[in-house]
>>> print(open('work21.cif').read())   # mmCIF, C-alpha atoms
data_model
#
loop_
_atom_site.label_atom_id
_atom_site.label_comp_id
_atom_site.auth_asym_id
_atom_site.auth_seq_id
_atom_site.Cartn_x
_atom_site.Cartn_y
_atom_site.Cartn_z
CA MET A 1 -3.43 -31.05 21.29
CA LEU A 2 -6.31 -28.69 20.55
CA ARG A 3 -8.59 -30.50 23.05
CA LYS A 4 -6.09 -29.98 25.87
CA ARG A 5 -5.93 -26.25 25.25
CA SER A 6 -9.66 -25.69 24.76
CA PRO A 7 -10.72 -25.84 28.47
CA LEU A 8 -8.03 -23.34 29.40
CA ILE A 9 -8.98 -20.98 26.60
CA ILE A 10 -12.69 -21.23 27.46
CA CYS A 11 -11.88 -20.63 31.14
CA GLY A 12 -9.92 -17.47 30.34
CA ALA A 13 -12.65 -16.14 28.09
CA PHE A 14 -15.30 -16.92 30.74
CA ILE A 15 -13.36 -14.99 33.40
CA PHE A 16 -13.12 -11.98 31.09
CA VAL A 17 -16.87 -11.96 30.23
CA ALA A 18 -17.91 -12.57 33.85
CA TRP A 19 -15.81 -9.64 35.00
CA ASN A 20 -17.58 -7.28 32.59
CA VAL A 21 -21.05 -8.53 33.70
CA ILE A 22 -20.17 -7.88 37.34
CA LEU A 23 -18.87 -4.41 36.44
CA ILE A 24 -22.13 -3.46 34.68
CA PHE A 25 -24.22 -4.81 37.58
CA VAL A 26 -22.22 -2.79 40.15
CA LEU A 27 -22.55 0.44 38.16
CA MET A 28 -26.31 -0.03 37.70
CA LYS A 29 -26.76 -0.54 41.44
CA ARG A 30 -25.08 2.74 42.42
CA PRO A 31 -27.30 4.75 44.91
CA SER A 32 -29.59 7.20 43.15
CA THR A 33 -29.03 10.88 43.77
CA GLN A 34 -32.34 11.92 42.23
CA GLY A 35 -33.90 12.97 45.56
CA ALA A 36 -31.12 15.37 46.33
CA LEU A 37 -31.19 16.76 42.81
CA ASP A 38 -34.98 17.35 42.65
CA SER A 39 -35.34 19.78 45.59
CA PRO A 40 -35.06 23.31 44.22
CA ASP A 41 -37.89 24.48 46.52
CA GLU A 42 -36.12 23.38 49.68
CA PRO A 43 -36.15 26.21 52.26
CA GLY A 44 -33.17 28.55 51.84
CA ASN A 45 -32.58 27.54 48.18
CA THR A 46 -33.43 29.70 45.21
CA GLY A 47 -34.09 28.19 41.81
CA ASP A 48 -30.66 29.28 40.48
CA GLU A 49 -28.86 27.92 43.52
CA ALA A 50 -30.71 24.63 43.26
CA GLY A 51 -29.96 24.43 39.53
CA GLY A 52 -26.28 25.13 40.18
CA SER A 53 -26.25 22.54 42.94
CA GLN A 54 -27.98 20.03 40.69
CA PHE A 55 -25.45 20.61 37.87
CA GLY A 56 -22.51 20.33 40.28
CA ASN A 57 -23.85 17.06 41.68
CA ILE A 58 -24.31 15.69 38.18
CA MET A 59 -20.74 16.59 37.26
CA ASN A 60 -19.41 15.01 40.44
CA GLU A 61 -21.31 11.83 39.70
CA VAL A 62 -20.06 11.77 36.09
CA MET A 63 -16.45 12.22 37.26
CA HIS A 64 -16.95 9.50 39.87
CA VAL A 65 -18.28 7.05 37.27
CA ALA A 66 -15.51 7.99 34.78
CA ASN A 67 -12.83 7.36 37.41
CA ALA A 68 -14.43 4.03 38.22
CA PHE A 69 -14.42 3.07 34.55
CA GLU A 70 -10.76 4.07 34.22
CA ALA A 71 -9.81 1.91 37.21
CA GLU A 72 -11.82 -1.04 35.94
CA LEU A 73 -10.36 -0.74 32.43
CA GLU A 74 -6.85 -0.80 33.89
CA SER A 75 -7.76 -4.01 35.73
CA GLN A 76 -9.16 -5.54 32.56
CA LYS A 77 -5.97 -4.61 30.70
CA LYS A 78 -3.98 -6.58 33.28
CA ILE A 79 -6.32 -9.55 32.86
CA LEU A 80 -5.92 -9.44 29.07
CA LEU A 81 -2.13 -9.34 29.41
CA GLN A 82 -2.29 -12.33 31.72
CA ILE A 83 -4.49 -14.22 29.22
CA GLN A 84 -2.00 -13.27 26.47
CA SER A 85 0.94 -14.61 28.49
CA HIS A 86 -0.95 -17.78 29.27
CA TRP A 87 -1.74 -18.21 25.60
CA ALA A 88 2.00 -18.34 24.84
CA VAL A 89 2.43 -20.98 27.55
CA TRP A 90 -0.50 -22.97 26.17
CA GLU A 91 1.01 -22.82 22.69
CA ASN A 92 4.32 -24.20 23.97
CA LYS A 93 2.62 -26.95 25.99
CA GLY A 94 0.73 -27.91 22.89
CA GLY A 95 3.99 -28.51 21.06
CA VAL A 96 4.25 -25.15 19.27
CA THR A 97 7.51 -23.29 19.82
CA ALA A 98 6.99 -19.63 20.60
CA ALA A 99 8.93 -17.20 18.42
CA LYS A 100 12.10 -15.90 20.05
CA PRO A 101 12.35 -12.17 20.59
CA LYS A 102 14.23 -10.48 17.80
CA SER A 103 17.59 -8.94 18.53
CA GLN A 104 17.99 -5.19 18.60
CA ALA A 105 19.70 -5.30 15.21
CA GLU A 106 16.76 -7.23 13.72
CA HIS A 107 14.26 -4.75 15.18
CA SER A 108 16.14 -1.61 14.15
CA THR A 109 15.29 0.09 10.87
CA PRO A 110 18.31 0.89 8.66
CA ALA A 111 19.10 4.59 8.60
CA VAL A 112 18.18 6.47 5.43
CA ILE A 113 21.23 8.33 4.07
CA PRO A 114 20.20 10.93 1.46
CA ILE A 115 22.79 11.79 -1.21
CA LEU A 116 22.76 15.52 -1.98
CA VAL A 117 24.32 16.46 -5.34
CA ILE A 118 25.05 20.15 -5.92
CA ALA A 119 24.68 21.20 -9.57
CA CYS A 120 24.77 24.42 -11.56
CA ASN A 121 25.61 24.75 -15.26
CA ARG A 122 27.59 21.59 -16.03
CA VAL A 123 25.72 18.89 -17.94
CA THR A 124 28.67 16.66 -17.07
CA VAL A 125 26.99 16.15 -13.70
CA LYS A 126 25.41 13.26 -15.62
CA ARG A 127 28.61 11.26 -15.06
CA CYS A 128 28.20 11.67 -11.32
CA LEU A 129 24.51 10.69 -11.38
CA ASP A 130 25.10 7.66 -13.60
CA LYS A 131 27.73 6.32 -11.20
CA LEU A 132 25.58 6.94 -8.13
CA ILE A 133 22.62 5.12 -9.66
CA GLU A 134 24.81 2.29 -10.98
CA HIS A 135 26.24 1.48 -7.56
CA ARG A 136 23.27 2.41 -5.35
CA PRO A 137 22.11 -0.78 -3.56
CA SER A 138 18.74 0.67 -2.54
CA ALA A 139 16.78 3.67 -3.81
CA GLU A 140 14.82 3.75 -0.54
CA LEU A 141 17.88 3.82 1.76
CA TYR A 142 19.92 6.18 -0.46
CA PRO A 143 17.56 8.71 -2.08
CA ILE A 144 19.40 11.02 -4.47
CA ILE A 145 18.52 14.72 -4.33
CA VAL A 146 19.98 17.00 -7.02
CA SER A 147 19.89 20.64 -6.03
CA GLN A 148 20.47 22.96 -8.99
CA ASP A 149 21.51 26.58 -9.00
CA CYS A 150 22.14 28.93 -11.99
CA GLY A 151 18.91 28.21 -13.91
CA HIS A 152 20.88 26.52 -16.71
CA ALA A 153 18.21 24.97 -18.98
CA GLU A 154 20.39 22.28 -20.58
CA THR A 155 21.58 21.00 -17.20
CA SER A 156 18.04 21.15 -15.84
CA ASP A 157 16.69 19.09 -18.75
CA MET A 158 19.41 16.49 -18.29
CA ILE A 159 18.64 16.12 -14.55
CA ALA A 160 14.90 15.92 -15.25
CA SER A 161 15.52 13.06 -17.71
CA TYR A 162 16.23 10.74 -14.74
CA GLY A 163 12.59 10.92 -13.73
CA SER A 164 11.72 9.09 -10.51
CA GLN A 165 15.27 7.84 -9.99
CA LEU A 166 16.07 11.07 -8.16
CA THR A 167 14.52 14.24 -6.77
CA HIS A 168 15.32 17.47 -8.62
CA ILE A 169 15.08 20.68 -6.62
CA LYS A 170 16.03 24.19 -7.76
CA GLN A 171 17.57 26.98 -5.73
CA PRO A 172 14.98 29.76 -6.23
CA ASP A 173 17.16 32.85 -5.68
CA LEU A 174 19.26 33.39 -8.84
CA SER A 175 19.96 37.06 -8.20
CA ASP A 176 23.45 38.51 -7.90
CA ILE A 177 24.76 38.97 -4.40
CA SER A 178 26.00 42.29 -3.10
CA VAL A 179 29.67 41.76 -2.29
CA PRO A 180 32.54 44.04 -1.27
CA PRO A 181 34.23 45.65 -4.30
CA GLN A 182 37.42 43.68 -3.73
CA HIS A 183 35.39 40.42 -3.87
CA LYS A 184 33.59 41.18 -7.15
CA LYS A 185 35.53 38.45 -8.97
CA PHE A 186 34.51 35.98 -6.22
CA GLN A 187 30.76 36.38 -6.83
CA GLY A 188 30.62 32.67 -7.73
CA TYR A 189 31.90 31.63 -4.30
CA TYR A 190 29.15 33.63 -2.63
CA LYS A 191 26.52 31.94 -4.80
CA ILE A 192 27.89 28.48 -3.97
CA SER A 193 27.72 29.22 -0.25
CA ARG A 194 24.15 30.49 -0.62
CA HIS A 195 23.25 27.36 -2.58
CA TYR A 196 24.73 24.99 0.00
CA ARG A 197 22.83 26.65 2.80
CA TRP A 198 19.54 26.44 0.90
CA ALA A 199 20.08 22.85 -0.27
CA LEU A 200 21.09 21.50 3.13
CA ASN A 201 18.02 23.00 4.62
CA GLN A 202 15.84 20.96 2.16
CA VAL A 203 16.83 18.00 3.19
CA ALA A 204 32.60 4.17 -6.58
CA PRO A 205 31.59 0.61 -6.24
CA ASP A 206 31.62 0.81 -2.43
CA PHE A 207 30.61 4.48 -2.12
CA PHE A 208 27.35 3.59 -0.37
CA GLU A 209 28.89 0.77 1.65
CA TYR A 210 31.55 3.21 2.87
CA PHE A 211 29.05 5.74 4.21
CA ARG A 212 26.68 3.08 5.57
CA ALA A 213 29.46 1.55 7.70
CA LEU A 214 30.74 4.90 8.99
CA HIS A 215 27.35 6.43 9.73
CA PRO A 216 27.00 4.91 13.25
CA ILE A 217 30.60 5.87 14.08
CA LEU A 218 29.98 9.47 13.06
CA LYS A 219 26.78 9.62 15.13
CA SER A 220 28.32 8.14 18.27
CA ASP A 221 31.76 9.84 18.32
CA PRO A 222 31.67 13.50 19.47
CA THR A 223 35.30 13.96 18.34
CA LEU A 224 34.23 13.60 14.69
CA LEU A 225 33.02 16.38 12.43
CA CYS A 226 32.35 14.46 9.21
CA VAL A 227 33.04 11.45 7.05
CA SER A 228 34.61 12.23 3.67
CA ALA A 229 35.14 10.04 0.62
CA TRP A 230 38.07 12.18 -0.53
CA ASN A 231 41.85 12.09 -0.08
CA ASP A 232 43.44 15.42 -1.03
CA ASN A 233 46.74 13.67 -1.76
CA GLY A 234 45.12 10.64 -3.34
CA ARG A 235 46.91 10.78 -6.69
CA GLU A 236 48.03 7.67 -8.52
CA GLY A 237 51.40 6.68 -7.07
CA PHE A 238 50.74 8.47 -3.77
CA VAL A 239 48.30 5.88 -2.39
CA ASP A 240 48.73 2.19 -1.66
CA PRO A 241 46.56 0.18 -4.11
CA GLY A 242 46.86 -2.85 -1.85
CA LYS A 243 45.17 -1.03 1.05
CA ALA A 244 41.85 0.06 -0.40
CA SER A 245 40.17 -0.56 2.97
CA LEU A 246 42.52 1.69 4.97
CA LEU A 247 40.91 4.68 6.70
CA TYR A 248 42.39 7.66 8.53
CA ARG A 249 41.38 10.42 10.87
CA THR A 250 42.20 13.88 9.50
CA ASP A 251 42.02 17.36 11.03
CA PHE A 252 41.57 18.92 7.58
CA PHE A 253 37.99 19.18 6.33
CA PRO A 254 38.22 17.44 2.94
CA GLY A 255 34.83 18.11 1.31
CA LEU A 256 34.17 16.56 -2.13
CA GLY A 257 31.74 13.85 -1.06
CA TRP A 258 31.14 14.14 2.66
CA MET A 259 28.56 13.19 5.27
CA LEU A 260 27.44 15.26 8.24
CA THR A 261 24.82 14.68 10.91
CA LYS A 262 21.62 16.64 11.37
CA ASP A 263 22.93 17.82 14.74
CA LEU A 264 26.05 19.30 13.13
CA TRP A 265 23.94 21.13 10.57
CA ALA A 266 21.79 22.55 13.37
CA GLU A 267 25.02 23.88 14.91
CA LEU A 268 26.39 25.36 11.68
CA GLU A 269 23.30 26.69 9.90
CA PRO A 270 22.65 29.76 12.09
CA LYS A 271 26.15 31.09 11.37
CA TRP A 272 26.62 29.80 7.80
CA PRO A 273 28.94 32.18 5.89
CA ALA A 274 28.09 34.29 2.87
CA SER A 275 31.05 32.88 0.92
CA PHE A 276 34.07 30.54 1.03
CA TRP A 277 32.11 28.00 3.08
CA ASP A 278 34.74 25.24 2.81
CA ASP A 279 37.55 27.35 4.27
CA TRP A 280 35.11 28.56 6.92
CA MET A 281 34.52 24.91 7.86
CA ARG A 282 38.27 24.56 8.40
CA HIS A 283 38.43 27.44 10.88
CA PRO A 284 39.00 26.50 14.55
CA ASP A 285 35.65 28.08 15.53
CA GLN A 286 33.84 25.48 13.44
CA ARG A 287 36.21 22.54 13.67
CA ARG A 288 36.51 22.78 17.46
CA GLU A 289 39.28 20.14 17.53
CA ARG A 290 37.03 17.63 15.76
CA SER A 291 38.29 15.44 12.95
CA CYS A 292 36.92 13.78 9.83
CA ILE A 293 37.43 10.26 8.53
CA ARG A 294 38.97 9.89 5.08
CA PRO A 295 40.04 6.92 2.96
CA GLU A 296 43.45 5.95 1.63
CA ILE A 297 41.92 5.78 -1.87
CA SER A 298 39.21 8.27 -2.82
CA ARG A 299 35.62 7.19 -3.44
CA THR A 300 34.80 10.36 -5.39
CA LEU A 301 36.32 12.35 -8.26
CA THR A 302 36.14 15.88 -9.58
CA PHE A 303 36.06 15.71 -13.37
CA GLY A 304 36.14 19.26 -14.65
CA ARG A 305 38.42 22.27 -14.38
CA LYS A 306 35.53 24.63 -15.20
CA GLY A 307 34.14 26.32 -12.10
CA VAL A 308 34.43 29.28 -9.76
CA SER A 309 37.93 28.20 -8.64
CA LEU A 310 39.08 28.57 -12.27
CA GLY A 311 40.78 25.18 -12.21
CA GLN A 312 42.93 25.89 -9.13
CA PHE A 313 44.90 22.69 -8.34
CA TYR A 314 43.03 20.76 -11.05
CA ASP A 315 45.73 20.36 -13.70
CA LYS A 316 48.50 19.65 -11.19
CA TYR A 317 46.68 17.49 -8.62
CA LEU A 318 42.97 16.84 -8.91
CA ARG A 319 42.80 15.36 -12.39
CA PHE A 320 45.19 12.60 -11.26
CA ILE A 321 43.24 11.49 -8.17
CA LYS A 322 42.87 7.71 -8.14
CA LEU A 323 39.30 6.44 -7.80
CA ASN A 324 38.81 3.19 -5.92
CA SER A 325 37.72 0.29 -8.12
CA GLU A 326 37.63 -2.50 -5.52
CA PHE A 327 34.52 -3.20 -3.45
CA VAL A 328 35.38 -3.18 0.26
CA PRO A 329 32.75 -4.72 2.61
CA TYR A 330 33.15 -2.03 5.25
CA THR A 331 29.98 -3.03 7.11
CA LYS A 332 31.65 -6.36 7.90
CA ILE A 333 35.02 -4.89 8.97
CA ASP A 334 35.97 -3.97 12.54
CA LEU A 335 36.49 -0.20 12.39
CA SER A 336 37.08 0.30 16.11
CA TYR A 337 40.68 1.31 15.35
CA LEU A 338 39.24 4.71 14.34
CA GLU A 339 38.23 5.51 17.95
CA LYS A 340 40.26 8.57 18.93
CA LYS A 341 42.18 7.19 21.92
CA LYS A 342 43.08 3.95 20.19
CA TYR A 343 43.88 5.69 16.91
CA ASP A 344 46.06 8.40 18.50
CA GLU A 345 48.18 5.89 20.39
CA SER A 346 48.80 3.83 17.26
CA PHE A 347 49.33 6.87 15.00
CA VAL A 348 51.85 8.63 17.25
CA LYS A 349 53.76 5.39 17.77
CA GLU A 350 54.05 4.75 14.03
CA VAL A 351 54.89 8.34 13.00
CA TYR A 352 57.49 9.05 15.65
CA GLY A 353 58.85 5.53 15.67
CA ALA A 354 59.82 6.02 12.02
CA PRO A 355 63.41 7.08 11.22
CA VAL A 356 63.93 10.68 10.11
CA VAL A 357 65.15 10.98 6.52
CA THR A 358 65.61 13.76 4.00
CA VAL A 359 63.92 14.38 0.68
CA GLU A 360 67.19 13.49 -0.99
CA ASP A 361 67.26 10.13 0.82
CA LEU A 362 63.82 9.31 -0.51
CA GLN A 363 64.55 10.46 -4.04
CA SER A 364 67.87 8.65 -4.27
CA GLY A 365 66.27 5.23 -4.02
CA LYS A 366 68.87 4.06 -1.50
CA LEU A 367 66.46 3.50 1.38
CA SER A 368 65.53 -0.14 1.86
CA GLY A 369 62.13 -1.43 2.93
CA SER A 370 58.64 -0.02 2.55
CA GLY A 371 58.89 2.32 5.53
CA PRO A 372 57.47 4.17 7.25
CA PHE A 373 59.93 7.06 7.04
CA ARG A 374 59.54 10.52 8.51
CA VAL A 375 60.44 13.86 6.95
CA GLN A 376 60.34 16.63 9.55
CA TYR A 377 59.24 20.25 9.14
CA SER A 378 59.37 23.03 11.73
CA SER A 379 57.72 26.07 10.15
CA PRO A 380 55.10 26.91 7.52
CA ASP A 381 57.83 27.76 5.03
CA SER A 382 59.69 24.49 5.59
CA PHE A 383 56.41 22.58 5.26
CA LYS A 384 55.66 24.23 1.91
CA THR A 385 59.15 23.64 0.58
CA LEU A 386 59.19 19.97 1.59
CA ALA A 387 55.63 19.34 0.38
CA ARG A 388 56.44 20.73 -3.07
CA SER A 389 59.61 18.66 -3.27
CA LEU A 390 57.70 15.51 -2.28
CA GLY A 391 54.78 16.20 -4.64
CA VAL A 392 51.96 16.60 -2.11
CA MET A 393 49.65 19.59 -1.71
CA ASP A 394 51.44 22.40 0.09
CA ASP A 395 48.71 24.70 1.38
CA LEU A 396 47.72 25.18 5.02
CA LYS A 397 44.30 26.27 6.28
CA SER A 398 44.27 27.69 9.82
CA GLY A 399 47.59 25.90 10.26
CA VAL A 400 46.26 22.47 9.21
CA PRO A 401 47.87 20.75 6.19
CA ARG A 402 45.66 18.95 3.69
CA ALA A 403 44.93 15.36 4.79
CA GLY A 404 46.94 16.04 7.97
CA TYR A 405 46.33 14.60 11.42
CA ARG A 406 48.17 15.96 14.45
CA GLY A 407 50.17 17.92 11.88
CA ALA A 408 51.38 14.80 10.03
CA VAL A 409 50.56 14.02 6.40
CA SER A 410 50.63 10.38 5.30
CA PHE A 411 51.30 9.35 1.68
CA LEU A 412 53.18 6.87 -0.48
CA LEU A 413 56.32 7.82 -2.42
CA ARG A 414 57.98 5.33 -4.72
CA GLY A 415 56.29 2.50 -2.86
CA LYS A 416 57.38 3.70 0.60
CA ARG A 417 55.11 5.03 3.35
CA VAL A 418 56.16 8.58 4.27
CA TYR A 419 55.01 10.95 7.01
CA LEU A 420 55.65 14.66 6.57
CA ALA A 421 55.43 15.60 10.24
CA PRO A 422 56.23 18.25 12.85
CA PRO A 423 58.79 17.50 15.61
CA PRO A 424 57.88 15.12 18.46
CA GLY A 425 55.78 16.67 21.21
CA TRP A 426 53.38 18.42 18.83
CA SER A 427 50.39 19.70 20.80
CA GLN A 428 48.28 22.08 18.68
CA TYR A 429 47.95 23.94 15.39
CA ASP A 430 49.01 27.55 14.92
CA PRO A 431 46.21 29.34 12.95
CA SER A 432 48.74 31.94 11.79
CA TRP A 433 50.29 29.25 9.58
CA SER A 434 47.98 30.04 6.67
#
>>> encode(input="work21.cif", output="structure tokens")
Amino acid sequence: MLRKRSPLIICGAFIFVAWNVILIFVLMKRPSTQGALDSPDEPGNTGDEAGGSQFGNIMNEVMHVANAFEAELESQKKILLQIQSHWAVWENKGGVTAAKPKSQAEHSTPAVIPILVIACNRVTVKRCLDKLIEHRPSAELYPIIVSQDCGHAETSDMIASYGSQLTHIKQPDLSDISVPPQHKKFQGYYKISRHYRWALNQVAPDFFEYFRALHPILKSDPTLLCVSAWNDNGREGFVDPGKASLLYRTDFFPGLGWMLTKDLWAELEPKWPASFWDDWMRHPDQRRERSCIRPEISRTLTFGRKGVSLGQFYDKYLRFIKLNSEFVPYTKIDLSYLEKKKYDESFVKEVYGAPVVTVEDLQSGKLSGSGPFRVQYSSPDSFKTLARSLGVMDDLKSGVPRAGYRGAVSFLLRGKRVYLAPPPGWSQYDPSWS
């Protein structure tokens, strides 16, 4: 086998060497310009003029030779490529199978998804970090960055104890912020907003799998704002434990474990607010009719009532949020149903194909089947009244209900799927409903 290839290899190498010998010979035989250059005393020429002429001629010759070299090198490159292609053919003829080109997926490098943890003065952030590290499949693909505000020494020492398992950065500006007198009690909200802006500029069992699978969807779909791991109405009894893989589109920015793209941050950063950043994100000027993806069952938890919100919603709702305990292989699931056109058609059909019932019907236990059923509201007041009666969060931000999509909120009640929804023909939110 080797003997058959040897003459061809030797022939190719000979052609390459011969070409270079010919090239050198041609360049050495170029006509000399010495006579023209050595005539400063020619009538009509001064010494300076002759020197200038001589220098110009030299430069012309140098450029001419350089261009010739460039052309010859390009030819040699083509010859080398031809020899390379022939080598592959010779390998195959000799009984060696050439390697097949790798697919695009095999060539592509997995995206690195940094996890940014915002910390201040709670040492209980250790629970969050322990869970992240426990379930993280790769430290290289999911680097954890803990950004700390407040200068709290005990929390700082606890974060530092993780060593190389994470990166610990500290928000340098710990000064108080000048706020309007009526916002003095909200100083903490201003500091959180400042911290988020600084931190973003620095950089569950299936938590990582969830974000890995949804990352390409978020990047490719301009109708999406974010991917969130949080369901605002995800309390025990209000979610379907048999549908841990179920995902939704929502018009309400959920926060509490969310992913955004670098492009979105470039859009938001120049106008980032001084305070109340999460409500600002929910304003039409930022949302711009874009949605987020959220799960049926949350992949994150909030585990403390201490904070600037003074435990708002915590005792009644947040402490009862169900955390997913089942690994869902999202990267192996077809998630194309989340594409806006396809999702909207299916969502509208299910919501408005459901029979309209009352709160009393649902609470009586007389309805048969697992649903879906629809409870209809027509004003902000009726939404709040019905939401409280049904046990879901009742606040509206710029007219959008928590976890809502096209005005409809999906949840489980006594084992039945329920949609708290506006009348058919809904077209847009009314920001005055806040």
>>> resolve_selection(input="work21.cif", expression="the PyMOL selection byres ((chain A and resi 154) around 12)", output="number ranges by chain")
A: 119-126, 148, 150-153, 155-161
>>> resolve_selection(input="work21.cif", expression="the PyMOL selection byres ((chain A and resi 250) around 6)", output="mmCIF file with C-alpha atoms, in the coordinates of the input")
data_model
loop_
_atom_site.group_PDB
_atom_site.id
_atom_site.type_symbol
_atom_site.label_atom_id
_atom_site.label_comp_id
_atom_site.auth_asym_id
_atom_site.auth_seq_id
_atom_site.Cartn_x
_atom_site.Cartn_y
_atom_site.Cartn_z
ATOM 1 C CA ARG A 249 41.380 10.420 10.870
ATOM 2 C CA ASP A 251 42.020 17.360 11.030
ATOM 3 C CA PHE A 252 41.570 18.920 7.580
ATOM 4 C CA SER A 291 38.290 15.440 12.950
ATOM 5 C CA CYS A 292 36.920 13.780 9.830
ATOM 6 C CA ALA A 403 44.930 15.360 4.790
ATOM 7 C CA GLY A 404 46.940 16.040 7.970
ATOM 8 C CA TYR A 405 46.330 14.600 11.420
#
>>> residues_around(input="work21.cif", residues="range 218-235 of chain A", least_positions_apart="6", cutoff="8 Å", atoms="only C-alpha atoms", output="PyMOL selection string")
chain A and resi 207+211+253-261+264+287+289-301+317-318+320-322+339-340+392-393+402-403+411
>>> atom_distance(input="work21.cif", atom1="CA of Ile133 in chain A", atom2="CA of Gln165 in chain A")
7.8 Å
>>> atom_distance(input="work21.cif", atom1="CA of Glu345 in chain A", atom2="CA of Phe327 in chain A")
28.9 Å
>>> closest_residue(input="work21.cif", among="A:Pro137, A:Glu269, A:Ala274, A:His168", to="Phe186 in chain A", atoms="only C-alpha atoms")
A:Ala274
>>> closest_residue(input="work21.cif", among="A:Arg136, A:Ala204, A:Arg127, A:Lys416", to="Leu323 in chain A", atoms="only C-alpha atoms")
A:Ala204
>>> closest_residue(input="work21.cif", among="A:Val351, A:Ile177, A:Ala111, A:Leu412", to="Gly242 in chain A", atoms="all atoms listed in the file")
A:Leu412
>>> atom_distance(input="work21.cif", atom1="CA of Pro181 in chain A", atom2="CA of Gln286 in chain A")
26.9 Å
>>> closest_residue(input="work21.cif", among="A:Leu420, A:Ile115, A:Val146, A:Leu413", to="Asp240 in chain A", atoms="all atoms listed in the file")
A:Leu413
>>> closest_residue(input="work21.cif", among="A:Thr358, A:Val328, A:Ile145, A:Gln428", to="Ile118 in chain A", atoms="only C-alpha atoms")
A:Ile145
>>> resolve_selection(input="work21.cif", expression="the PyMOL selection byres ((chain A and resi 429-431) around 6)", output="number ranges by chain")
A: 398-399, 428, 432-433
